[in-house]
Amino acid sequence: MASCIFDDDLKGKNEKLELERISNEADMSITSENFSKFLDEKHPLSFLREEFIFPLIKYNENADSSLVNVDEKCIYMCGNSLGLQPKRTVELSQQVLDMMAQDEILSGEKCYTKPDPDMMSQMAKIVGANVDEIAVMNGLTVNLHLLLVSFYRPTAKRHKILIESKAFPSDHYMAESQIQYHGFDPKTSLITLEPRPEEDTLRPEDIIDYIEKEGESIAVILFPGVQYYTGQLFDMESITNAGHAKGCWVGFDLAHAVGNVEIHLHNWNVDFAAWCTYKYLNSGPGCIAGAFVHEKHKNNNFPKFMGPYQGANSTVISDYEISSPCPLMMASVRASMEVFAKTTIKKLRNKSFFLTGLLKYLIQHFFPMSNKELNLPTVSIITPDNFQEHGAQLSLVFSVPLIEIHKEMTKRGVVCDVRKPNVIRIAPTPLYCTFHDVFRFVEVLRESFQAASSIIIRK
Ligand SMILES: Cc1ncc(COP(=O)(O)O)c(C=O)c1O
């Protein structure tokens, strides 16, 4: 067998067929525990797991020691919400604290109030931008507001903001408040694009059709890179092109895309973007966010809320940088970027193909839709099936009450989150999740269904 069993060129490939190919070559069943361990042994990125601190099951007060070994690491499937802490964060934060205590923070050899150049160039690689186009500053929603100060300049004819109907609530409120700030009415100026009836996700062609039809009244298109609820990955390049063809500015909220999928903001000609760093970038809750403005907007005369660089015209993004960033937060982002520097997004995405592919395979194997006719539980995946249309996350809908299943999984050491009304999001993050984690997760899911159904029947 070839030394690397994981094909590098996955264009047009199907996750299930690739896993079947590997399992045939290895003469193992895809559904076996040994197969998941074999994939971990063989995967060239498995070493990255050691870079992270895992929560131990015993710190979860709902864990049940009769069901699980509480001294073990959690099965952490929540990187889409909050990434794990890199070990390096502790060291780098301590260094900064020491420098602050010694009053060296402003005067030392390294100026810790300015972002580290290596950190910035790694961040630029992750979002596919030039270093001069990005900043690390504020929080995600604050950055979106600051960017809309420039890019949302409604007129009587072109006053709409196009978002999707399941946009993250804060994005929805942010867009609504921008519209109101300019004296327009969200009822007529905020367009929320809905999937077709009975469908969970937007069809890519419907997004483009809508922009082609209505684009002349749209000032700004603000879409996510990856949809937080369904896990759908949007074709950012096509949306940008369609928007530009109609004279709209196009920006992206990359919260669930950054560190998860390949992004080429500069080459796709995106106007602006913002992202948080606490999900797939693992910098810790509330940590400093990112922002991008395309170089073509340098020296434009758009309105801006200026800060220390007013009139300096140094880089396109410096016009948007207002307050000094916190050195401790930057230490967390530096730690994260050091881990990403050990690999590439392309390689991580490649691991995701197999990792999320295995999750999909096992779920479809153990909870097939044909169970419905037999009155057995089903799990449906509302995330688009095509690998080009999803990242690490799969969003699951159960045929039995979600909260009971979630409780049972938590007792057994799984960390994942419930999103109302009825979804559980599962994200095997390729930086630190293993194939064995995926196997264990599905095993726990099966046990949880069994346990929950007896509770539900008893009730
Ligand atoms: C898609 C999306 N947008 C915006 C936000 C809000 O980010 P913040 O509270 O950091 O501004 C989140 C937070 O999880 C998010 O998932």
# chains A, B, ... in the order shown; residues from 1 in each chain; ligands from 1
$ residues_near_ligand --ligand "ligand 1" --cutoff "6 Å" --atoms "only C-alpha atoms and all ligand atoms" --output "list in words"
Gly139, Leu140, Thr141, Phe168, Ser170, Asp171, Tyr228, Ala255 and Cys276 of chain A
$ write_last_selection --atoms "C-alpha atoms" --output "mmCIF file, in the first residue's frame"
data_model
loop_
_atom_site.group_PDB
_atom_site.id
_atom_site.type_symbol
_atom_site.label_atom_id
_atom_site.label_comp_id
_atom_site.auth_asym_id
_atom_site.auth_seq_id
_atom_site.Cartn_x
_atom_site.Cartn_y
_atom_site.Cartn_z
ATOM 1 C CA GLY A 139 -14.740 41.879 18.331
ATOM 2 C CA LEU A 140 -16.434 40.430 15.271
ATOM 3 C CA THR A 141 -19.674 42.421 15.462
ATOM 4 C CA PHE A 168 -26.611 34.551 13.181
ATOM 5 C CA SER A 170 -26.194 39.324 16.095
ATOM 6 C CA ASP A 171 -25.590 39.740 12.339
ATOM 7 C CA TYR A 228 -23.526 28.563 11.724
ATOM 8 C CA ALA A 255 -16.839 33.234 11.984
ATOM 9 C CA CYS A 276 -13.759 35.953 15.309
#
$ residues_around --residues "A:Ala245" --least-positions-apart "3" --cutoff "9 Å" --atoms "only C-alpha atoms" --output "ChimeraX atom specification"
/A:212,215,240-242,248
$ write_last_selection --atoms "N, CA and C atoms" --output "short mmCIF file (atom, residue, chain, number, x, y, z; two decimals), in the first residue's frame"
data_model
loop_
_atom_site.label_atom_id
_atom_site.label_comp_id
_atom_site.auth_asym_id
_atom_site.auth_seq_id
_atom_site.Cartn_x
_atom_site.Cartn_y
_atom_site.Cartn_z
N GLU A 212 -29.09 38.46 -9.20
CA GLU A 212 -29.25 38.93 -10.59
C GLU A 212 -30.56 39.69 -10.78
N GLY A 215 -30.44 42.76 -7.62
CA GLY A 215 -29.17 43.39 -7.24
C GLY A 215 -29.15 44.90 -7.30
N THR A 240 -19.65 36.87 -4.72
CA THR A 240 -18.96 38.15 -4.90
C THR A 240 -19.09 38.61 -6.36
N ASN A 241 -18.85 37.70 -7.28
CA ASN A 241 -18.95 38.08 -8.70
C ASN A 241 -20.35 38.53 -9.06
N ALA A 242 -21.34 37.78 -8.57
CA ALA A 242 -22.73 38.13 -8.89
C ALA A 242 -23.06 39.51 -8.32
N CYS A 248 -23.15 45.87 -6.29
CA CYS A 248 -23.27 45.80 -4.82
C CYS A 248 -21.87 45.63 -4.23
#
$ closest_residue --among "A:Thr315, A:Leu92, A:Asp9, A:Ala341" --to "A:Asp132" --atoms "only C-alpha atoms"
A:Thr315
$ closest_residue --among "A:Met306, A:Leu355, A:Ala135, A:Ile53" --to "A:Thr89" --atoms "only C-alpha atoms"
A:Ile53
$ residues_around --residues "A:Glu91" --least-positions-apart "3" --cutoff "12 Å" --atoms "only C-alpha atoms" --output "PyMOL selection string"
chain A and resi 85-88+94-98+328+331-332+334-335
$ write_last_selection --atoms "N, CA and C atoms" --output "mmCIF file, in the first residue's frame"
data_model
loop_
_atom_site.group_PDB
_atom_site.id
_atom_site.type_symbol
_atom_site.label_atom_id
_atom_site.label_comp_id
_atom_site.auth_asym_id
_atom_site.auth_seq_id
_atom_site.Cartn_x
_atom_site.Cartn_y
_atom_site.Cartn_z
ATOM 1 N N GLN A 85 -7.861 25.201 23.775
ATOM 2 C CA GLN A 85 -6.715 26.083 24.034
ATOM 3 C C GLN A 85 -5.396 25.417 23.624
ATOM 4 N N PRO A 86 -4.608 26.095 22.785
ATOM 5 C CA PRO A 86 -3.289 25.535 22.503
ATOM 6 C C PRO A 86 -2.410 25.607 23.761
ATOM 7 N N LYS A 87 -1.556 24.607 23.950
ATOM 8 C CA LYS A 87 -0.670 24.614 25.131
ATOM 9 C C LYS A 87 0.197 25.866 25.141
ATOM 10 N N ARG A 88 0.584 26.295 23.960
ATOM 11 C CA ARG A 88 1.480 27.449 23.825
ATOM 12 C C ARG A 88 0.850 28.745 24.359
ATOM 13 N N GLN A 94 1.941 34.069 29.750
ATOM 14 C CA GLN A 94 2.784 34.314 30.922
ATOM 15 C C GLN A 94 3.909 35.298 30.585
ATOM 16 N N GLN A 95 4.488 35.103 29.396
ATOM 17 C CA GLN A 95 5.553 36.042 28.967
ATOM 18 C C GLN A 95 5.037 37.473 28.959
ATOM 19 N N VAL A 96 3.838 37.654 28.412
ATOM 20 C CA VAL A 96 3.278 39.002 28.321
ATOM 21 C C VAL A 96 2.975 39.546 29.727
ATOM 22 N N LEU A 97 2.428 38.688 30.577
ATOM 23 C CA LEU A 97 2.135 39.136 31.955
ATOM 24 C C LEU A 97 3.422 39.570 32.655
ATOM 25 N N ASP A 98 4.481 38.778 32.450
ATOM 26 C CA ASP A 98 5.765 39.126 33.075
ATOM 27 C C ASP A 98 6.260 40.471 32.554
ATOM 28 N N LEU A 328 -2.375 40.728 25.796
ATOM 29 C CA LEU A 328 -2.696 39.361 26.236
ATOM 30 C C LEU A 328 -3.526 38.629 25.191
ATOM 31 N N ALA A 331 -1.363 37.588 22.452
ATOM 32 C CA ALA A 331 -0.564 36.397 22.787
ATOM 33 C C ALA A 331 -1.365 35.136 22.464
ATOM 34 N N SER A 332 -2.671 35.172 22.744
ATOM 35 C CA SER A 332 -3.509 34.002 22.440
ATOM 36 C C SER A 332 -3.593 33.774 20.931
ATOM 37 N N ARG A 334 -1.367 34.738 18.771
ATOM 38 C CA ARG A 334 -0.031 34.280 18.315
ATOM 39 C C ARG A 334 0.119 32.780 18.542
ATOM 40 N N ALA A 335 -0.308 32.328 19.726
ATOM 41 C CA ALA A 335 -0.198 30.898 20.037
ATOM 42 C C ALA A 335 -0.962 30.085 18.994
#
$ closest_residue --among "A:Met337, A:Ala289, A:Ile191, A:Val127" --to "A:Val270" --atoms "only C-alpha atoms"
A:Val127
$ closest_residue --among "A:His159, A:Lys166, A:Arg153, A:His406" --to "A:Pro186" --atoms "only C-alpha atoms"
A:His159
$ select_by_dssp --residues "stretch 114-354 of chain A" --states "strand (DSSP E)" --output "number ranges by chain"
A: 134-137, 160-164, 190-193, 218-224, 249-253, 272-275, 289-293
$ write_last_selection --atoms "C-alpha atoms" --output "mmCIF file, in the first residue's frame"
data_model
loop_
_atom_site.group_PDB
_atom_site.id
_atom_site.type_symbol
_atom_site.label_atom_id
_atom_site.label_comp_id
_atom_site.auth_asym_id
_atom_site.auth_seq_id
_atom_site.Cartn_x
_atom_site.Cartn_y
_atom_site.Cartn_z
ATOM 1 C CA ILE A 134 -6.017 42.598 7.424
ATOM 2 C CA ALA A 135 -6.117 43.743 11.017
ATOM 3 C CA VAL A 136 -6.542 42.021 14.343
ATOM 4 C CA MET A 137 -8.840 44.250 16.364
ATOM 5 C CA LYS A 160 -31.035 47.082 0.867
ATOM 6 C CA ILE A 161 -28.782 44.726 2.793
ATOM 7 C CA LEU A 162 -29.052 41.113 1.687
ATOM 8 C CA ILE A 163 -28.463 38.472 4.368
ATOM 9 C CA GLU A 164 -29.772 34.922 4.700
ATOM 10 C CA LEU A 190 -33.361 44.103 5.104
ATOM 11 C CA ILE A 191 -33.747 41.142 2.754
ATOM 12 C CA THR A 192 -33.472 37.718 4.350
ATOM 13 C CA LEU A 193 -33.090 35.016 1.752
ATOM 14 C CA ILE A 218 -29.035 46.018 -2.944
ATOM 15 C CA ALA A 219 -26.295 48.149 -1.400
ATOM 16 C CA VAL A 220 -24.492 45.383 0.512
ATOM 17 C CA ILE A 221 -24.524 41.609 0.424
ATOM 18 C CA LEU A 222 -23.434 40.211 3.762
ATOM 19 C CA PHE A 223 -23.228 36.452 3.818
ATOM 20 C CA PRO A 224 -21.517 33.950 6.074
ATOM 21 C CA TRP A 249 -20.503 45.686 -2.224
ATOM 22 C CA VAL A 250 -19.933 42.161 -0.964
ATOM 23 C CA GLY A 251 -18.707 41.190 2.496
ATOM 24 C CA PHE A 252 -18.520 37.998 4.547
ATOM 25 C CA ASP A 253 -18.857 37.023 8.176
ATOM 26 C CA PHE A 272 -14.628 43.327 3.155
ATOM 27 C CA ALA A 273 -14.807 40.574 5.762
ATOM 28 C CA ALA A 274 -14.608 40.029 9.498
ATOM 29 C CA TRP A 275 -14.153 36.978 11.708
ATOM 30 C CA ALA A 289 -11.255 39.474 16.063
ATOM 31 C CA GLY A 290 -10.068 39.940 12.474
ATOM 32 C CA ALA A 291 -11.013 42.298 9.657
ATOM 33 C CA PHE A 292 -10.223 42.548 5.950
ATOM 34 C CA VAL A 293 -10.625 45.307 3.377
#
$ atom_distance --atom1 "atom CA of A:Lys420" --atom2 "atom CA of A:Val261"
24.8 Å
$ atom_distance --atom1 "atom CA of A:Leu254" --atom2 "atom CA of A:Lys347"
19.3 Å
$ closest_residue --among "A:Glu295, A:Glu373, A:Glu199, A:Glu389" --to "A:Glu133" --atoms "only C-alpha atoms"
A:Glu295
$ residues_around --residues "A:Gln232" --least-positions-apart "2" --cutoff "6 Å" --atoms "only C-alpha atoms" --output "PyMOL selection string"
chain A and resi 226-227+230+383+389-390
$ write_last_selection --atoms "C-alpha atoms" --output "mmCIF file, in the first residue's frame"
data_model
loop_
_atom_site.group_PDB
_atom_site.id
_atom_site.type_symbol
_atom_site.label_atom_id
_atom_site.label_comp_id
_atom_site.auth_asym_id
_atom_site.auth_seq_id
_atom_site.Cartn_x
_atom_site.Cartn_y
_atom_site.Cartn_z
ATOM 1 C CA VAL A 226 -20.099 28.862 6.514
ATOM 2 C CA GLN A 227 -23.639 29.002 7.930
ATOM 3 C CA THR A 230 -26.684 24.228 8.990
ATOM 4 C CA THR A 383 -25.800 19.998 6.085
ATOM 5 C CA GLU A 389 -20.680 22.734 0.340
ATOM 6 C CA HIS A 390 -19.652 21.981 3.900
#
$ residues_around --residues "A:Ser380" --least-positions-apart "4" --cutoff "7 Å" --atoms "only C-alpha atoms" --output "PyMOL selection string"
chain A and resi 396-398
$ write_last_selection --atoms "C-alpha atoms" --output "PDB file, in the first residue's frame"
ATOM      1  CA  LEU A 396     -27.972  16.669  12.913  1.00  0.00           C
ATOM      2  CA  VAL A 397     -31.719  16.466  13.415  1.00  0.00           C
ATOM      3  CA  PHE A 398     -33.084  13.563  15.469  1.00  0.00           C
TER       4      PHE A 398
END
$ residues_around --residues "A:Lys13" --least-positions-apart "6" --cutoff "10 Å" --atoms "only C-alpha atoms" --output "ChimeraX atom specification"
/A:7,353,386-388
$ write_last_selection --atoms "N, CA and C atoms" --output "PDB file, in the first residue's frame"
ATOM      1  N   ASP A   7      -5.493  10.419  -0.273  1.00  0.00           N
ATOM      2  CA  ASP A   7      -5.226  11.062  -1.554  1.00  0.00           C
ATOM      3  C   ASP A   7      -5.126  12.579  -1.368  1.00  0.00           C
ATOM      4  N   PHE A 353     -12.005  16.192   4.991  1.00  0.00           N
ATOM      5  CA  PHE A 353     -12.698  15.366   4.002  1.00  0.00           C
ATOM      6  C   PHE A 353     -12.903  13.952   4.563  1.00  0.00           C
ATOM      7  N   ASN A 386     -22.597  17.412  -0.419  1.00  0.00           N
ATOM      8  CA  ASN A 386     -21.409  17.621  -1.231  1.00  0.00           C
ATOM      9  C   ASN A 386     -20.285  18.282  -0.418  1.00  0.00           C
ATOM     10  N   PHE A 387     -19.095  17.690  -0.477  1.00  0.00           N
ATOM     11  CA  PHE A 387     -17.970  18.213   0.319  1.00  0.00           C
ATOM     12  C   PHE A 387     -17.650  19.678  -0.001  1.00  0.00           C
ATOM     13  N   GLN A 388     -17.902  20.096  -1.250  1.00  0.00           N
ATOM     14  CA  GLN A 388     -17.654  21.509  -1.617  1.00  0.00           C
ATOM     15  C   GLN A 388     -18.625  22.443  -0.909  1.00  0.00           C
TER      16      GLN A 388
END
$ atom_distance --atom1 "atom CA of A:Tyr76" --atom2 "atom CA of A:Ala427"
8.4 Å
